[in-house]
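This report refers to the structure that appears directly beneath it.
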Amino acid sequence: MTSSLVIQTSFLGDTVLTTPLLTQLAHRGPVDVVTTPASAGLLANHPAVRRVIAYDKRGADRGIHGFLSLAKRLRREKYDVVFLAQGSWRSAALALLARIPSRVGFSTSAGRFLYNRRVQYRDDLHHAARLLMLARPNGREATPEELRPSLHPGERERAFVDALLGASGAVRGEALIAFAPGSVWATKRWPYYPALAVELGRSARIVIVGGTEDAELAKAITEAMPTAIDATGQLSLLASAELIGRCAAIVTNDSAPLHLASAMGTATAAIFGPTVPAFGFGPLAPSAVVIGHQALACRPCDRHGPQVCPLGHFRCMLDLDAEGVAQQVRSLPSTPDSDA
Ligand code: SF4
């Protein structure tokens, strides 16, 4: 038996994409995960994970005291190996101070000098596959099934979603399509969700997912399509995954809900503006369509998506009209008026 620690303190989507690695490691022995407080709830109930350790580096665990206390706590667990899914100096130093004898991470990471096994960062792979390679650097590439992320909403999440849908007047069995209009990066937000709601809302109930920061985007959608359900800011991430799992399809930007949908197997229409799936963060759901401008020399212009278009025209998103996106959504076989 090998006891493993995985350190993943990046964005929410990265945590979801780490789950294939966790599943692989669980075959070898117990697996604990250090992650952010925001991501910790996502891994609740996950059968591959023994313990989730939330590292609140900007709150309760801030400063050198919080860092050293966590290192001490990890040292007591006597892990055999740590996988640095997030490559900062801080994470590498944490692994070193926790006295974990085998420290595995990417050869390109900032903290690589503190690793004793460095794995090539494969630009040509999906990020879930890259992370999985940490556990088998010389092994075969993963199959699509091995690559699919997984999340496990429980009774609590199901009850929340039942209550939300019940209170919104949704009828049991009614077809739902999730919209995820938000993103931390402004240029990743496709601006025509309200018009898309009018296109698709006649044959399915639109459900808007996101955080409290997405309330304004949701308001514009419910104003255009009053039967749409605004679930922004009302559900935990795992309950959002449960809700997305109940939908016939999701329309999403290049943001965390895309990966929640991959984990729940929900048919995905993913809209990419300044970024491209080749960066390694495309959909992994069994049925998916990627929508992006195919004739712009400036695209992609940034790994994350800048806050404003550096050229001022923002054509990578503005040229993608609602009618065209609706057509792509209807190409997914699970949508109610599918033309597939
Ligand atoms: S430069 Fe091109 S790809 Fe980048 S935001 Fe502007 S239109 Fe989009």
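Identifiers in this document derive from the order of the structure tokens: chains are assigned A, B, ..., residues are numbered from 1 separately in each chain, and ligands are numbered from 1 in order of occurrence.
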Subject >> Shell around segment 89-104 of chain A at 7 Å using only C-alpha atoms, local window under 2 positions removed, as an NGL selection string >> reply: :A and (7 or 71-72 or 74-75 or 78-84 or 87 or 110-111 or 114-118 or 134)
Using the selection just defined, write its residues with C-alpha atoms as an mmCIF file, in the first residue's frame.
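out-v6.cif, written as the output of this step:
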```cif
data_model
loop_
_atom_site.group_PDB
_atom_site.id
_atom_site.type_symbol
_atom_site.label_atom_id
_atom_site.label_comp_id
_atom_site.auth_asym_id
_atom_site.auth_seq_id
_atom_site.Cartn_x
_atom_site.Cartn_y
_atom_site.Cartn_z
ATOM 1 C CA ILE A 7 -1.562 19.142 -3.677
ATOM 2 C CA ALA A 71 3.458 21.159 7.092
ATOM 3 C CA LYS A 72 3.557 19.731 10.626
ATOM 4 C CA LEU A 74 1.098 16.597 6.936
ATOM 5 C CA ARG A 75 4.374 15.309 8.415
ATOM 6 C CA LYS A 78 3.939 9.969 6.900
ATOM 7 C CA TYR A 79 2.885 9.952 3.250
ATOM 8 C CA ASP A 80 5.016 7.881 0.874
ATOM 9 C CA VAL A 81 4.613 10.183 -2.098
ATOM 10 C CA VAL A 82 3.249 13.609 -2.961
ATOM 11 C CA PHE A 83 1.997 14.672 -6.391
ATOM 12 C CA LEU A 84 2.350 18.396 -7.064
ATOM 13 C CA GLY A 87 3.488 23.722 -9.294
ATOM 14 C CA ALA A 110 8.318 26.864 -10.460
ATOM 15 C CA GLY A 111 8.915 24.483 -7.574
ATOM 16 C CA LEU A 114 12.455 20.703 -4.790
ATOM 17 C CA TYR A 115 11.004 17.636 -6.578
ATOM 18 C CA ASN A 116 12.896 14.386 -6.845
ATOM 19 C CA ARG A 117 10.848 13.119 -9.801
ATOM 20 C CA ARG A 118 10.096 15.497 -12.673
ATOM 21 C CA LEU A 134 2.215 12.365 -12.976
#
```
Subject >> Contacts with ligand 1 at most 9 Å, only C-alpha atoms and all ligand atoms counted, listed as a list of chain:residue names >> reply: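 Based on only C-alpha atoms and all ligand atoms, ligand 1 is surrounded within 9 Å by A:Thr187, A:Lys188, A:Gly273, A:Pro274, A:Thr275, A:His293, A:Leu296, A:Ala297, A:Cys298, A:Arg299, A:Pro300, A:Cys301, A:Asp302, A:Gly305, A:Pro306, A:Gln307, A:Val308, A:Cys309, A:Pro310, A:Leu311, A:Gly312, A:His313, A:Phe314, A:Arg315, A:Cys316, A:Met317, A:Leu318.
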Original post:
Looking at A:Gln328, A:Asn45, A:Thr335, A:Thr18, which one is nearest to Ala267 of chain A, with distances taken over only C-alpha atoms?
Top reply: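 Among A:Gln328, A:Asn45, A:Thr335, A:Thr18, it is A:Thr335 that comes nearest to Ala267 of chain A.
Residue nearest Ala180 of chain A within the list A:Glu145, A:Asp162, A:Asp230, A:Asp337: A:Asp230 [criterion: smallest interatomic distance, only C-alpha atoms].
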Original post:
How many Å lie between atom CA of Ala322 of chain A and atom CA of Ala270 of chain A, rounded to one decimal?
Top reply: 13.3 Å
**OP:** May I have the residues within 6 Å of Ser331 of chain A as an NGL selection string, using only C-alpha atoms and disregarding those fewer than 4 positions away in the same chain?
**Re:** :A and (338-340)
Save the residues we just selected, C-alpha atoms, as a PDB file, in the first residue's frame?
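The resulting file, again.pdb, is reproduced below:
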```pdb
ATOM      1  CA  SER A 338     -32.224  18.033 -31.458  1.00  0.00           C
ATOM      2  CA  ASP A 339     -31.596  17.891 -35.177  1.00  0.00           C
ATOM      3  CA  ALA A 340     -28.874  15.259 -34.721  1.00  0.00           C
TER       4      ALA A 340
END
```
**OP:** If you run DSSP over the backbone, which residues in segment 64-223 of chain A end up helix (DSSP H, G or I)? Put them as JSON, numbers by chain.
**Re:** {"A": [64, 65, 66, 67, 68, 69, 70, 71, 72, 73, 74, 75, 76, 77, 89, 90, 91, 92, 93, 94, 95, 96, 97, 112, 113, 114, 127, 128, 129, 130, 131, 132, 133, 144, 145, 146, 147, 155, 156, 157, 158, 159, 160, 161, 162, 163, 164, 165, 166, 167, 186, 187, 188, 193, 194, 195, 196, 197, 198, 199, 200, 212, 213, 214, 215, 216, 217, 218, 219, 220, 221, 222, 223]}
**OP:** Rank A:Arg246, A:Arg172, A:Arg28, A:Arg202 by their smallest atom-to-atom distance to Pro226 of chain A, using only C-alpha atoms, and report the top residue only.
**Re:** A:Arg202
**OP:** Find the residue from A:Leu260, A:Leu217, A:Val161, A:Leu70 that sits nearest to Trp190 of chain A; use only C-alpha atoms when measuring.
**Re:** A:Leu217
**OP:** Select, from A:Ala142, A:Leu238, A:Ile53, A:Ala85, the residue with the minimum atom-to-atom distance to Ala263 of chain A, counting only C-alpha atoms.
**Re:** A:Leu238
Original post:
When DSSP works through the backbone of this structure, what residues of segment 182-330 of chain A end up as strand (DSSP E or B), shown as a VMD selection string?
Top reply: chain A and resid 205 to 208 229 to 230 249 to 253 268 to 272 288 to 292
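Excluding Leu43 of chain A and any residue on its chain fewer than 2 positions from it, the residues at most 10 Å away by only C-alpha atoms are Thr15, Val16, Thr19, Val33, Thr35, Ser39, Ala40, Gly41, Asn45, His46, Pro47, Ala48, Val49, Arg51, Val52, Ser150, Leu151, His152, Pro153, Leu237 and Leu238 of chain A.
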Output N, CA and C atoms for every residue in that selection, as a PDB file, in the first residue's frame.
```pdb
ATOM      1  N   THR A  15      -9.180  21.409 -10.116  1.00  0.00           N
ATOM      2  CA  THR A  15      -9.490  20.375  -9.111  1.00  0.00           C
ATOM      3  C   THR A  15     -10.346  19.283  -9.745  1.00  0.00           C
ATOM      4  N   VAL A  16     -11.332  19.700 -10.536  1.00  0.00           N
ATOM      5  CA  VAL A  16     -12.173  18.690 -11.205  1.00  0.00           C
ATOM      6  C   VAL A  16     -11.307  17.829 -12.122  1.00  0.00           C
ATOM      7  N   THR A  19      -9.385  14.770 -10.747  1.00  0.00           N
ATOM      8  CA  THR A  19     -10.045  13.553 -10.235  1.00  0.00           C
ATOM      9  C   THR A  19      -9.629  12.264 -10.963  1.00  0.00           C
ATOM     10  N   VAL A  33      -5.948  14.923  -0.162  1.00  0.00           N
ATOM     11  CA  VAL A  33      -5.778  16.051  -1.081  1.00  0.00           C
ATOM     12  C   VAL A  33      -5.717  17.355  -0.297  1.00  0.00           C
ATOM     13  N   THR A  35      -6.230  21.202  -0.870  1.00  0.00           N
ATOM     14  CA  THR A  35      -6.802  22.081  -1.894  1.00  0.00           C
ATOM     15  C   THR A  35      -7.324  23.359  -1.255  1.00  0.00           C
ATOM     16  N   SER A  39     -12.475  24.763  -3.336  1.00  0.00           N
ATOM     17  CA  SER A  39     -12.511  23.481  -4.047  1.00  0.00           C
ATOM     18  C   SER A  39     -12.818  22.298  -3.143  1.00  0.00           C
ATOM     19  N   ALA A  40     -12.607  22.458  -1.829  1.00  0.00           N
ATOM     20  CA  ALA A  40     -12.698  21.312  -0.913  1.00  0.00           C
ATOM     21  C   ALA A  40     -14.062  20.619  -1.007  1.00  0.00           C
ATOM     22  N   GLY A  41     -15.131  21.423  -1.057  1.00  0.00           N
ATOM     23  CA  GLY A  41     -16.475  20.841  -1.093  1.00  0.00           C
ATOM     24  C   GLY A  41     -16.729  20.012  -2.340  1.00  0.00           C
ATOM     25  N   ASN A  45     -17.521  13.257  -0.665  1.00  0.00           N
ATOM     26  CA  ASN A  45     -18.096  11.954  -1.092  1.00  0.00           C
ATOM     27  C   ASN A  45     -17.284  11.244  -2.169  1.00  0.00           C
ATOM     28  N   HIS A  46     -16.159  11.833  -2.597  1.00  0.00           N
ATOM     29  CA  HIS A  46     -15.447  11.189  -3.709  1.00  0.00           C
ATOM     30  C   HIS A  46     -14.822   9.872  -3.225  1.00  0.00           C
ATOM     31  N   PRO A  47     -15.158   8.759  -3.877  1.00  0.00           N
ATOM     32  CA  PRO A  47     -14.699   7.463  -3.365  1.00  0.00           C
ATOM     33  C   PRO A  47     -13.186   7.269  -3.414  1.00  0.00           C
ATOM     34  N   ALA A  48     -12.481   8.054  -4.241  1.00  0.00           N
ATOM     35  CA  ALA A  48     -11.026   7.889  -4.329  1.00  0.00           C
ATOM     36  C   ALA A  48     -10.288   8.664  -3.237  1.00  0.00           C
ATOM     37  N   VAL A  49     -11.003   9.504  -2.526  1.00  0.00           N
ATOM     38  CA  VAL A  49     -10.331  10.422  -1.588  1.00  0.00           C
ATOM     39  C   VAL A  49     -10.630  10.040  -0.143  1.00  0.00           C
ATOM     40  N   ARG A  51      -9.277  11.840   2.561  1.00  0.00           N
ATOM     41  CA  ARG A  51      -9.416  13.063   3.360  1.00  0.00           C
ATOM     42  C   ARG A  51      -9.108  14.280   2.489  1.00  0.00           C
ATOM     43  N   VAL A  52      -9.930  15.306   2.641  1.00  0.00           N
ATOM     44  CA  VAL A  52      -9.673  16.576   1.939  1.00  0.00           C
ATOM     45  C   VAL A  52      -9.188  17.579   2.981  1.00  0.00           C
ATOM     46  N   SER A 150     -14.688  12.969 -12.387  1.00  0.00           N
ATOM     47  CA  SER A 150     -15.850  12.442 -11.657  1.00  0.00           C
ATOM     48  C   SER A 150     -16.098  13.280 -10.405  1.00  0.00           C
ATOM     49  N   LEU A 151     -17.372  13.500 -10.128  1.00  0.00           N
ATOM     50  CA  LEU A 151     -17.796  14.165  -8.886  1.00  0.00           C
ATOM     51  C   LEU A 151     -18.967  13.373  -8.333  1.00  0.00           C
ATOM     52  N   HIS A 152     -19.188  13.479  -7.031  1.00  0.00           N
ATOM     53  CA  HIS A 152     -20.200  12.621  -6.409  1.00  0.00           C
ATOM     54  C   HIS A 152     -21.116  13.415  -5.484  1.00  0.00           C
ATOM     55  N   PRO A 153     -22.065  14.154  -6.069  1.00  0.00           N
ATOM     56  CA  PRO A 153     -23.057  14.826  -5.225  1.00  0.00           C
ATOM     57  C   PRO A 153     -23.798  13.786  -4.381  1.00  0.00           C
ATOM     58  N   LEU A 237     -20.905  24.279  -5.075  1.00  0.00           N
ATOM     59  CA  LEU A 237     -20.378  23.772  -6.351  1.00  0.00           C
ATOM     60  C   LEU A 237     -20.836  22.351  -6.622  1.00  0.00           C
ATOM     61  N   LEU A 238     -20.878  21.529  -5.552  1.00  0.00           N
ATOM     62  CA  LEU A 238     -21.281  20.136  -5.756  1.00  0.00           C
ATOM     63  C   LEU A 238     -22.772  20.048  -6.084  1.00  0.00           C
TER      64      LEU A 238
END
```
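The interatomic distance for the pair atom CA of Ala249 of chain A and atom CA of Ala44 of chain A works out to 24.1 Å.
Distance annotation: of A:Ser287, A:Ala195, A:Ile221, A:Ile229, the residue with the minimal separation from Gly166 of chain A is A:Ile229; atom set is only C-alpha atoms.
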Subject >> Gap from atom CA of Pro333 of chain A to atom CA of Leu196 of chain A - Å, one decimal >> reply: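 Between atom CA of Pro333 of chain A and atom CA of Leu196 of chain A the gap is 18.1 Å.
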